[in-house]
Amino acid sequence: MDILELQNISKNIRRDIIDMVYNAKSGHPGGSLSCTDILVAIFHARMNLNLDENGNRIDKFILSKGHCAPAYYAVLASKGFIPHQDLITLRKIDSYLEGHPTNKINGVDVSSGSLGQGLSVANGMAIAKKLDKADGKVYCLLGDGEIEEGQIWEACMTANKYKLNNVIAFLDYNGLQIDGNIIDVKSVDNLKEKFEAFGWHVQEIDGHDFEQILKAIDNTEDSKKPNMIIAKTIKGKGISFMENNASWHGKAPNDEEYKIAIEELSK
Amino acid sequence: MKSTRKAYGEFLVDIGSNKDVVVLDADLATATKTDMFKKKYPQRHIDVGIAEQDLVGTACGLALSGKTVFASTFAMFMAGRAYDQVRNTAAYSHVNVNLCATHAGVMVGEDGPTHQCIEDVALMNVIPTMKILSPADDISTKKILSLCMQEDGPKYVRLGRSDVEDIYDNTYEFKIGGSHTFGDGEDGTIFAYGPTVSIALEAQKELEQNGKYVRVVDLYSIKPVDKEAILKCAKETEKLISIEDHSIIGGIGSIISNILCEEYPKKLEKVGIPDTFGKSGSAKEVYKYFGLTKENIISKF
């Protein structure tokens with residue numbers, strides 16, 4: 001699949017995200033838009049979504065930053081796991097598309113939403129693969145605010161101890177969290193050095209550049225260590241008034257904002 | 001005599017030849033007795049260090065990959081430290097994982113209140129779909145753990161530190177949602193689980209010598225609980241007492257009270273830890289301090 005195709009898919013996903021959050025009148029557009037290109041690259045260009053002889057998906061994916069469910073659901077729909085027309089039922093009382101991912105949804109392996117928990121689950125899946133001498137990677141998407149949770153660092157040590165080079169974690173480094181800049185809220189800095197000190201193979205990339213995302217995934221092939229890809233992103237990417245604005249972490253656009261957003265995405 | 005944690009360790013060794021079995025610990029393997037499994041099957045013993053939240057998450061990842069998973073730490077850290085992980089990752093995802101928490105209750109003894117978890121039954125009981133099991137001796141521990149291997153979803157198995165008397169032989173059968181009633185007296189019923197079952201049985205024996213005939217019900221399946229057995233005893237016997245190594249708030253006494261309140265209003269006297277923290281001392285002394293003794297039970301009749 002070439003880069004142009006991936007970019008087009010991303011554009012459609014972003015439109016879905018805006019549609020979903022607008023119709024739900026709540027949700028998390030900022031982080032969903034920042035991680036869209038990463039998700040599209042993983043699901044459309046790299047993940048092996050087939051099942052092995054035991055019924056386990058060969059490659060696994062865990063959305064640890066569960067509030068970016070709109071992006072996740074839209075990508076799952078784009079891969080045929082859920083019907084596309086269901087997306088706008090997000091967060092409705094009669095919908096199965098809960099506000100945060102639940103593994104009752106086809107394609108979702110574990111529920112998430114309470115931050116900090118996904119990397120440990122990814123490690124467990126990666127250890128199972130090692131014990132079974134099974135192929136496949138375990139992808140995990142983390143938020144940069146999310147790594148303020150201590151469990152992430154517990155999991156980083158476990159991944160190092162068990163040399164889980166089959167774990168590929170992405171850090172959606174958009175620099176913002178609900179209360180403002182991550183650097184102001186909890187001095188989240190020196191990320192490369194931090195993860196390297198915890199024994200990880202760390203790469204820094206532009207999280208909206210498909211070539212860089214795909215190359216970073218391919219670079220993990222010979223890695224002997226768990227892999228952290230720090231992807232510099234823009235919160236609210238693709239919608240001018242949402243970009244780099246923390247207030248769009250968790251609110252829906254009004255009618256006028258919705259119209260502008262869809263127009264911008266149609267360009 | 002044997003502690004239920006030791007019985008757990010022996011059980012793990014017994015089933016260890018099954019290559020799907022994976023055991024996890026958080027730097028307490030010698031205390032939780034998972035070290036017995038580790039010695040024989042080191043490759044399938046995962047120690048995540050002092051990181052209980054990571055313990056539960058990693059255990060879930062293995063279980064979601066089809067492994068038969070037993071994860072252990074002290075009850076305080078499983079039910080307390082990792083509560084969010086148990087609720088949101090294990091239970092909400094309906095993960096087939098066995099959370100085997102040792103050192104439950106004030107039976108911990110000398111380490112004192114920070115390590116004496118008297119809230120775990122209450123905490124686990126309010127988590128939707130969670131099953132709670134608390135064996136009273138060696139054989140029931142092994143039989144209940146076998147049941148857990150067949151049972152889908154998250155399970156919390158409450159195990160103790162100190163040695164407890166043998167109660168059961170191999171002829172007894174156990175089931176999720178079951179209980180065992182000892183005796184058919186009509187003067188009263190003593191509801192118990194875990195280490196208080198043998199205390200209740202001793203009290204029953206002495207009461208009989210005094211001409212009082214009571215039943216003892218081992219409610220080893222705390223959730224789902226054997227409602228029928230509780231109501232049967234409420235209807236057929238006079239005085240009702242519950243005794244547990246747990247807070248009387250949210251423990252088995254509360255669970256029984258809820259059932260009685262809705263179906264057969266009747267007074268229940270709760271013996272357990274009142275609304276207070278535990279206490280350092282030997283397990284025996286601490287049990288005496290909180291009235292978890294046969295003498296205290298006998299004084300109620």
# chains A, B, ... in the order shown; residues from 1 in each chain; ligands from 1
call {"tool": "interface_residues", "arguments": {"of": "chain A", "to": "chain B", "cutoff": "10 Å", "atoms": "only C-alpha atoms", "output": "PyMOL selection string"}}
result
chain A and resi 54-57+101-104+108-129+131-132+150-159+161-162
call {"tool": "residues_around", "arguments": {"residues": "Lys235 of chain B", "least_positions_apart": "6", "cutoff": "12 Å", "atoms": "only C-alpha atoms", "output": "number ranges by chain"}}
result
B: 186-189, 228-229, 260, 263-267
call {"tool": "select_by_dssp", "arguments": {"residues": "segment 96-281 of chain B", "states": "helix (DSSP H, G or I)", "output": "PDB file with N, CA and C atoms, in the first residue's frame"}}
result
ATOM      1  N   VAL B 106      -6.608 -10.495  59.491  1.00  0.00           N
ATOM      2  CA  VAL B 106      -5.691 -10.178  60.597  1.00  0.00           C
ATOM      3  C   VAL B 106      -4.825 -11.381  60.959  1.00  0.00           C
ATOM      4  N   MET B 107      -5.106 -12.537  60.351  1.00  0.00           N
ATOM      5  CA  MET B 107      -4.291 -13.732  60.563  1.00  0.00           C
ATOM      6  C   MET B 107      -2.828 -13.479  60.215  1.00  0.00           C
ATOM      7  N   VAL B 108      -2.562 -12.452  59.408  1.00  0.00           N
ATOM      8  CA  VAL B 108      -1.189 -12.054  59.071  1.00  0.00           C
ATOM      9  C   VAL B 108      -0.366 -11.888  60.348  1.00  0.00           C
ATOM     10  N   GLY B 109      -1.003 -11.367  61.404  1.00  0.00           N
ATOM     11  CA  GLY B 109      -0.340 -11.286  62.704  1.00  0.00           C
ATOM     12  C   GLY B 109       0.641 -10.150  62.850  1.00  0.00           C
ATOM     13  N   GLU B 110       1.899 -10.489  63.127  1.00  0.00           N
ATOM     14  CA  GLU B 110       2.911  -9.524  63.580  1.00  0.00           C
ATOM     15  C   GLU B 110       3.123  -8.343  62.642  1.00  0.00           C
ATOM     16  N   ASP B 111       2.993  -8.517  61.335  1.00  0.00           N
ATOM     17  CA  ASP B 111       3.235  -7.405  60.397  1.00  0.00           C
ATOM     18  C   ASP B 111       2.255  -6.250  60.600  1.00  0.00           C
ATOM     19  N   PRO B 113      -1.421  -3.845  60.868  1.00  0.00           N
ATOM     20  CA  PRO B 113      -2.539  -3.357  60.051  1.00  0.00           C
ATOM     21  C   PRO B 113      -2.231  -3.076  58.580  1.00  0.00           C
ATOM     22  N   THR B 114      -1.017  -2.595  58.256  1.00  0.00           N
ATOM     23  CA  THR B 114      -0.730  -2.268  56.847  1.00  0.00           C
ATOM     24  C   THR B 114      -0.778  -3.511  55.962  1.00  0.00           C
ATOM     25  N   HIS B 115      -0.584  -4.672  56.566  1.00  0.00           N
ATOM     26  CA  HIS B 115      -0.556  -5.914  55.795  1.00  0.00           C
ATOM     27  C   HIS B 115      -1.761  -6.803  56.067  1.00  0.00           C
ATOM     28  N   ASP B 120     -10.957  -6.978  51.584  1.00  0.00           N
ATOM     29  CA  ASP B 120     -10.908  -7.555  50.234  1.00  0.00           C
ATOM     30  C   ASP B 120     -12.226  -8.202  49.798  1.00  0.00           C
ATOM     31  N   VAL B 121     -12.926  -8.853  50.703  1.00  0.00           N
ATOM     32  CA  VAL B 121     -14.206  -9.461  50.311  1.00  0.00           C
ATOM     33  C   VAL B 121     -15.179  -8.369  49.880  1.00  0.00           C
ATOM     34  N   ALA B 122     -15.222  -7.286  50.666  1.00  0.00           N
ATOM     35  CA  ALA B 122     -16.116  -6.167  50.331  1.00  0.00           C
ATOM     36  C   ALA B 122     -15.748  -5.583  48.974  1.00  0.00           C
ATOM     37  N   LEU B 123     -14.452  -5.368  48.767  1.00  0.00           N
ATOM     38  CA  LEU B 123     -13.991  -4.746  47.517  1.00  0.00           C
ATOM     39  C   LEU B 123     -14.285  -5.630  46.307  1.00  0.00           C
ATOM     40  N   MET B 124     -14.031  -6.918  46.433  1.00  0.00           N
ATOM     41  CA  MET B 124     -14.238  -7.826  45.299  1.00  0.00           C
ATOM     42  C   MET B 124     -15.724  -8.072  45.050  1.00  0.00           C
ATOM     43  N   ASN B 125     -16.500  -8.068  46.141  1.00  0.00           N
ATOM     44  CA  ASN B 125     -17.928  -8.395  46.019  1.00  0.00           C
ATOM     45  C   ASN B 125     -18.686  -7.386  45.153  1.00  0.00           C
ATOM     46  N   ASP B 138      -6.691 -27.645  53.628  1.00  0.00           N
ATOM     47  CA  ASP B 138      -5.844 -28.184  52.559  1.00  0.00           C
ATOM     48  C   ASP B 138      -6.663 -28.744  51.391  1.00  0.00           C
ATOM     49  N   ILE B 139      -7.521 -29.721  51.699  1.00  0.00           N
ATOM     50  CA  ILE B 139      -8.255 -30.395  50.618  1.00  0.00           C
ATOM     51  C   ILE B 139      -9.222 -29.450  49.912  1.00  0.00           C
ATOM     52  N   SER B 140      -9.911 -28.608  50.673  1.00  0.00           N
ATOM     53  CA  SER B 140     -10.861 -27.698  50.014  1.00  0.00           C
ATOM     54  C   SER B 140     -10.125 -26.696  49.132  1.00  0.00           C
ATOM     55  N   THR B 141      -8.919 -26.302  49.532  1.00  0.00           N
ATOM     56  CA  THR B 141      -8.136 -25.383  48.695  1.00  0.00           C
ATOM     57  C   THR B 141      -7.891 -26.015  47.325  1.00  0.00           C
ATOM     58  N   LYS B 142      -7.437 -27.253  47.340  1.00  0.00           N
ATOM     59  CA  LYS B 142      -7.093 -27.914  46.075  1.00  0.00           C
ATOM     60  C   LYS B 142      -8.329 -28.178  45.221  1.00  0.00           C
ATOM     61  N   LYS B 143      -9.412 -28.576  45.882  1.00  0.00           N
ATOM     62  CA  LYS B 143     -10.637 -28.849  45.109  1.00  0.00           C
ATOM     63  C   LYS B 143     -11.215 -27.565  44.523  1.00  0.00           C
ATOM     64  N   ILE B 144     -11.158 -26.496  45.299  1.00  0.00           N
ATOM     65  CA  ILE B 144     -11.710 -25.218  44.823  1.00  0.00           C
ATOM     66  C   ILE B 144     -10.842 -24.649  43.691  1.00  0.00           C
ATOM     67  N   LEU B 145      -9.533 -24.794  43.808  1.00  0.00           N
ATOM     68  CA  LEU B 145      -8.666 -24.307  42.727  1.00  0.00           C
ATOM     69  C   LEU B 145      -8.893 -25.107  41.436  1.00  0.00           C
ATOM     70  N   SER B 146      -9.167 -26.405  41.574  1.00  0.00           N
ATOM     71  CA  SER B 146      -9.502 -27.206  40.377  1.00  0.00           C
ATOM     72  C   SER B 146     -10.769 -26.671  39.723  1.00  0.00           C
ATOM     73  N   LEU B 147     -11.743 -26.331  40.560  1.00  0.00           N
ATOM     74  CA  LEU B 147     -12.995 -25.752  40.040  1.00  0.00           C
ATOM     75  C   LEU B 147     -12.717 -24.462  39.278  1.00  0.00           C
ATOM     76  N   CYS B 148     -11.847 -23.636  39.855  1.00  0.00           N
ATOM     77  CA  CYS B 148     -11.535 -22.339  39.235  1.00  0.00           C
ATOM     78  C   CYS B 148     -10.961 -22.524  37.834  1.00  0.00           C
ATOM     79  N   MET B 149     -10.193 -23.586  37.647  1.00  0.00           N
ATOM     80  CA  MET B 149      -9.599 -23.827  36.324  1.00  0.00           C
ATOM     81  C   MET B 149     -10.660 -24.097  35.270  1.00  0.00           C
ATOM     82  N   GLN B 150     -11.812 -24.603  35.709  1.00  0.00           N
ATOM     83  CA  GLN B 150     -12.898 -24.918  34.760  1.00  0.00           C
ATOM     84  C   GLN B 150     -13.849 -23.735  34.566  1.00  0.00           C
ATOM     85  N   THR B 196     -12.093 -19.280  59.886  1.00  0.00           N
ATOM     86  CA  THR B 196     -13.057 -19.292  61.002  1.00  0.00           C
ATOM     87  C   THR B 196     -13.946 -20.542  60.984  1.00  0.00           C
ATOM     88  N   VAL B 197     -13.845 -21.336  59.918  1.00  0.00           N
ATOM     89  CA  VAL B 197     -14.677 -22.554  59.878  1.00  0.00           C
ATOM     90  C   VAL B 197     -14.249 -23.520  60.982  1.00  0.00           C
ATOM     91  N   SER B 198     -12.946 -23.735  61.124  1.00  0.00           N
ATOM     92  CA  SER B 198     -12.504 -24.697  62.145  1.00  0.00           C
ATOM     93  C   SER B 198     -12.795 -24.159  63.553  1.00  0.00           C
ATOM     94  N   ILE B 199     -12.728 -22.849  63.719  1.00  0.00           N
ATOM     95  CA  ILE B 199     -13.072 -22.251  65.027  1.00  0.00           C
ATOM     96  C   ILE B 199     -14.557 -22.511  65.325  1.00  0.00           C
ATOM     97  N   ALA B 200     -15.387 -22.336  64.309  1.00  0.00           N
ATOM     98  CA  ALA B 200     -16.830 -22.562  64.482  1.00  0.00           C
ATOM     99  C   ALA B 200     -17.126 -24.028  64.793  1.00  0.00           C
ATOM    100  N   LEU B 201     -16.371 -24.919  64.140  1.00  0.00           N
ATOM    101  CA  LEU B 201     -16.595 -26.356  64.381  1.00  0.00           C
ATOM    102  C   LEU B 201     -16.198 -26.751  65.813  1.00  0.00           C
ATOM    103  N   GLU B 202     -15.134 -26.127  66.313  1.00  0.00           N
ATOM    104  CA  GLU B 202     -14.746 -26.383  67.711  1.00  0.00           C
ATOM    105  C   GLU B 202     -15.834 -25.892  68.665  1.00  0.00           C
ATOM    106  N   ALA B 203     -16.358 -24.721  68.361  1.00  0.00           N
ATOM    107  CA  ALA B 203     -17.423 -24.155  69.199  1.00  0.00           C
ATOM    108  C   ALA B 203     -18.655 -25.060  69.168  1.00  0.00           C
ATOM    109  N   GLN B 204     -18.955 -25.559  67.990  1.00  0.00           N
ATOM    110  CA  GLN B 204     -20.118 -26.450  67.824  1.00  0.00           C
ATOM    111  C   GLN B 204     -19.989 -27.677  68.740  1.00  0.00           C
ATOM    112  N   LYS B 205     -18.777 -28.226  68.769  1.00  0.00           N
ATOM    113  CA  LYS B 205     -18.530 -29.425  69.567  1.00  0.00           C
ATOM    114  C   LYS B 205     -18.744 -29.135  71.056  1.00  0.00           C
ATOM    115  N   GLU B 206     -18.208 -28.016  71.519  1.00  0.00           N
ATOM    116  CA  GLU B 206     -18.354 -27.675  72.951  1.00  0.00           C
ATOM    117  C   GLU B 206     -19.783 -27.324  73.313  1.00  0.00           C
ATOM    118  N   LEU B 207     -20.449 -26.654  72.386  1.00  0.00           N
ATOM    119  CA  LEU B 207     -21.850 -26.285  72.655  1.00  0.00           C
ATOM    120  C   LEU B 207     -22.711 -27.535  72.809  1.00  0.00           C
ATOM    121  N   GLU B 208     -22.374 -28.537  72.015  1.00  0.00           N
ATOM    122  CA  GLU B 208     -23.124 -29.784  72.074  1.00  0.00           C
ATOM    123  C   GLU B 208     -23.006 -30.422  73.467  1.00  0.00           C
ATOM    124  N   GLN B 209     -21.789 -30.300  74.043  1.00  0.00           N
ATOM    125  CA  GLN B 209     -21.585 -30.832  75.395  1.00  0.00           C
ATOM    126  C   GLN B 209     -22.437 -30.078  76.413  1.00  0.00           C
ATOM    127  N   LYS B 227     -27.382 -18.904  48.653  1.00  0.00           N
ATOM    128  CA  LYS B 227     -28.548 -18.243  49.262  1.00  0.00           C
ATOM    129  C   LYS B 227     -29.509 -19.260  49.882  1.00  0.00           C
ATOM    130  N   GLU B 228     -29.706 -20.352  49.174  1.00  0.00           N
ATOM    131  CA  GLU B 228     -30.656 -21.364  49.674  1.00  0.00           C
ATOM    132  C   GLU B 228     -30.229 -21.918  51.020  1.00  0.00           C
ATOM    133  N   ALA B 229     -28.934 -22.195  51.155  1.00  0.00           N
ATOM    134  CA  ALA B 229     -28.432 -22.740  52.423  1.00  0.00           C
ATOM    135  C   ALA B 229     -28.623 -21.727  53.550  1.00  0.00           C
ATOM    136  N   ILE B 230     -28.376 -20.461  53.234  1.00  0.00           N
ATOM    137  CA  ILE B 230     -28.531 -19.403  54.246  1.00  0.00           C
ATOM    138  C   ILE B 230     -29.991 -19.317  54.695  1.00  0.00           C
ATOM    139  N   LEU B 231     -30.912 -19.311  53.745  1.00  0.00           N
ATOM    140  CA  LEU B 231     -32.338 -19.182  54.082  1.00  0.00           C
ATOM    141  C   LEU B 231     -32.847 -20.413  54.825  1.00  0.00           C
ATOM    142  N   LYS B 232     -32.349 -21.574  54.413  1.00  0.00           N
ATOM    143  CA  LYS B 232     -32.749 -22.824  55.076  1.00  0.00           C
ATOM    144  C   LYS B 232     -32.382 -22.759  56.568  1.00  0.00           C
ATOM    145  N   CYS B 233     -31.160 -22.358  56.846  1.00  0.00           N
ATOM    146  CA  CYS B 233     -30.723 -22.272  58.241  1.00  0.00           C
ATOM    147  C   CYS B 233     -31.484 -21.180  58.990  1.00  0.00           C
ATOM    148  N   ALA B 234     -31.761 -20.066  58.296  1.00  0.00           N
ATOM    149  CA  ALA B 234     -32.506 -18.982  58.943  1.00  0.00           C
ATOM    150  C   ALA B 234     -33.888 -19.472  59.364  1.00  0.00           C
ATOM    151  N   LYS B 235     -34.485 -20.305  58.542  1.00  0.00           N
ATOM    152  CA  LYS B 235     -35.837 -20.801  58.830  1.00  0.00           C
ATOM    153  C   LYS B 235     -35.832 -21.913  59.874  1.00  0.00           C
ATOM    154  N   GLU B 236     -34.819 -22.760  59.846  1.00  0.00           N
ATOM    155  CA  GLU B 236     -34.833 -23.971  60.679  1.00  0.00           C
ATOM    156  C   GLU B 236     -34.118 -23.831  62.015  1.00  0.00           C
ATOM    157  N   ILE B 252     -18.986 -11.305  54.971  1.00  0.00           N
ATOM    158  CA  ILE B 252     -20.048 -12.297  54.795  1.00  0.00           C
ATOM    159  C   ILE B 252     -21.268 -11.943  55.653  1.00  0.00           C
ATOM    160  N   GLY B 253     -21.018 -11.322  56.810  1.00  0.00           N
ATOM    161  CA  GLY B 253     -22.142 -10.906  57.656  1.00  0.00           C
ATOM    162  C   GLY B 253     -23.062  -9.958  56.912  1.00  0.00           C
ATOM    163  N   SER B 254     -22.458  -9.028  56.198  1.00  0.00           N
ATOM    164  CA  SER B 254     -23.256  -8.076  55.410  1.00  0.00           C
ATOM    165  C   SER B 254     -23.975  -8.785  54.272  1.00  0.00           C
ATOM    166  N   ILE B 255     -23.273  -9.723  53.640  1.00  0.00           N
ATOM    167  CA  ILE B 255     -23.867 -10.445  52.506  1.00  0.00           C
ATOM    168  C   ILE B 255     -25.087 -11.239  52.989  1.00  0.00           C
ATOM    169  N   ILE B 256     -24.941 -11.910  54.132  1.00  0.00           N
ATOM    170  CA  ILE B 256     -26.067 -12.678  54.688  1.00  0.00           C
ATOM    171  C   ILE B 256     -27.207 -11.736  55.089  1.00  0.00           C
ATOM    172  N   SER B 257     -26.833 -10.613  55.711  1.00  0.00           N
ATOM    173  CA  SER B 257     -27.852  -9.639  56.141  1.00  0.00           C
ATOM    174  C   SER B 257     -28.693  -9.162  54.964  1.00  0.00           C
ATOM    175  N   ASN B 258     -28.028  -8.899  53.849  1.00  0.00           N
ATOM    176  CA  ASN B 258     -28.759  -8.435  52.661  1.00  0.00           C
ATOM    177  C   ASN B 258     -29.798  -9.459  52.222  1.00  0.00           C
ATOM    178  N   ILE B 259     -29.402 -10.728  52.261  1.00  0.00           N
ATOM    179  CA  ILE B 259     -30.323 -11.788  51.835  1.00  0.00           C
ATOM    180  C   ILE B 259     -31.481 -11.903  52.814  1.00  0.00           C
ATOM    181  N   LEU B 260     -31.152 -11.891  54.114  1.00  0.00           N
ATOM    182  CA  LEU B 260     -32.205 -12.000  55.133  1.00  0.00           C
ATOM    183  C   LEU B 260     -33.176 -10.825  55.027  1.00  0.00           C
ATOM    184  N   CYS B 261     -32.629  -9.658  54.844  1.00  0.00           N
ATOM    185  CA  CYS B 261     -33.450  -8.444  54.772  1.00  0.00           C
ATOM    186  C   CYS B 261     -34.488  -8.536  53.653  1.00  0.00           C
ATOM    187  N   GLU B 262     -34.055  -9.104  52.527  1.00  0.00           N
ATOM    188  CA  GLU B 262     -34.957  -9.168  51.379  1.00  0.00           C
ATOM    189  C   GLU B 262     -35.914 -10.350  51.416  1.00  0.00           C
ATOM    190  N   GLU B 263     -35.468 -11.462  52.027  1.00  0.00           N
ATOM    191  CA  GLU B 263     -36.244 -12.703  51.885  1.00  0.00           C
ATOM    192  C   GLU B 263     -36.815 -13.269  53.179  1.00  0.00           C
TER     193      GLU B 263
END
call {"tool": "atom_distance", "arguments": {"atom1": "atom CA of Gly145 of chain A", "atom2": "atom CA of Asn48 of chain A"}}
result
28.8 Å
call {"tool": "residues_around", "arguments": {"residues": "segment 36-44 of chain A", "least_positions_apart": "4", "cutoff": "7 Å", "atoms": "only C-alpha atoms", "output": "MDAnalysis selection string"}}
result
chainID A and resid 6 10 32 71 75 207:208 210 213:214
call {"tool": "residues_around", "arguments": {"residues": "Ile241 of chain B", "least_positions_apart": "2", "cutoff": "9 Å", "atoms": "only C-alpha atoms", "output": "list of chain:residue names"}}
result
B:Gly188, B:Thr189, B:Ile190, B:Phe191, B:Ala192, B:Lys239, B:Ile243, B:Gly253, B:Lys267, B:Leu268, B:Glu269, B:Lys270, B:Val271, B:Ile297, B:Lys300
call {"tool": "residues_around", "arguments": {"residues": "Asp59 of chain A", "least_positions_apart": "5", "cutoff": "9 Å", "atoms": "only C-alpha atoms", "output": "PyMOL selection string"}}
result
chain A and resi 47-51+135-139
call {"tool": "select_by_dssp", "arguments": {"residues": "segment 109-248 of chain A", "states": "strand (DSSP E or B)", "output": "list in words"}}
result
Val138, Tyr139, Cys140, Leu141, Leu142, Gly143, Val167, Ile168, Ala169, Phe170, Leu171, Asp172, Tyr173, Leu176, Gln177, Gly180, Asn181, His201, Val202, Gln203, Glu204, Ile205, Asp206, Asn227, Met228, Ile229, Ile230, Ala231 and Lys232 of chain A
call {"tool": "residues_around", "arguments": {"residues": "Ile234 of chain A", "least_positions_apart": "2", "cutoff": "6 Å", "atoms": "only C-alpha atoms", "output": "list in words"}}
result
Ser34, Asn174, Lys237 and Asn244 of chain A
call {"tool": "write_last_selection", "arguments": {"atoms": "C-alpha atoms", "output": "short mmCIF file (atom, residue, chain, number, x, y, z; two decimals), in the first residue's frame"}}
result
data_model
loop_
_atom_site.label_atom_id
_atom_site.label_comp_id
_atom_site.auth_asym_id
_atom_site.auth_seq_id
_atom_site.Cartn_x
_atom_site.Cartn_y
_atom_site.Cartn_z
CA SER A 34 -3.21 12.96 16.85
CA ASN A 174 1.29 15.50 21.26
CA LYS A 237 -4.27 17.25 13.76
CA ASN A 244 -2.39 22.18 19.58
#
call {"tool": "closest_residue", "arguments": {"among": "A:Ile230, A:Leu90, A:Met242, A:Ala69", "to": "Asp19 of chain A", "atoms": "only C-alpha atoms"}}
result
A:Leu90
call {"tool": "decode", "arguments": {"residues": "segment 160-184 of chain B", "atoms": "C-alpha atoms", "output": "short mmCIF file (atom, residue, chain, number, x, y, z; two decimals), in the first residue's frame"}}
result
data_model
loop_
_atom_site.label_atom_id
_atom_site.label_comp_id
_atom_site.auth_asym_id
_atom_site.auth_seq_id
_atom_site.Cartn_x
_atom_site.Cartn_y
_atom_site.Cartn_z
CA GLY B 160 -4.38 -17.48 54.60
CA ARG B 161 -0.96 -17.37 56.20
CA SER B 162 -1.24 -19.65 59.25
CA ASP B 163 -1.80 -23.37 59.49
CA VAL B 164 -5.44 -24.44 59.79
CA GLU B 165 -6.99 -27.71 60.93
CA ASP B 166 -7.97 -30.31 58.34
CA ILE B 167 -11.74 -30.34 57.93
CA TYR B 168 -12.50 -32.16 54.72
CA ASP B 169 -11.54 -35.48 53.22
CA ASN B 170 -11.55 -36.35 49.55
CA THR B 171 -15.18 -37.50 49.55
CA TYR B 172 -16.45 -33.91 49.78
CA GLU B 173 -17.47 -32.20 46.57
CA PHE B 174 -17.38 -28.45 46.03
CA LYS B 175 -19.07 -26.17 43.54
CA ILE B 176 -19.10 -22.49 42.65
CA GLY B 177 -22.09 -21.13 44.56
CA GLY B 178 -22.06 -24.06 46.99
CA SER B 179 -21.53 -24.47 50.74
CA HIS B 180 -21.20 -27.24 53.29
CA THR B 181 -23.42 -27.52 56.36
CA PHE B 182 -22.10 -29.45 59.35
CA GLY B 183 -24.76 -30.75 61.74
CA ASP B 184 -28.52 -30.36 61.84
#
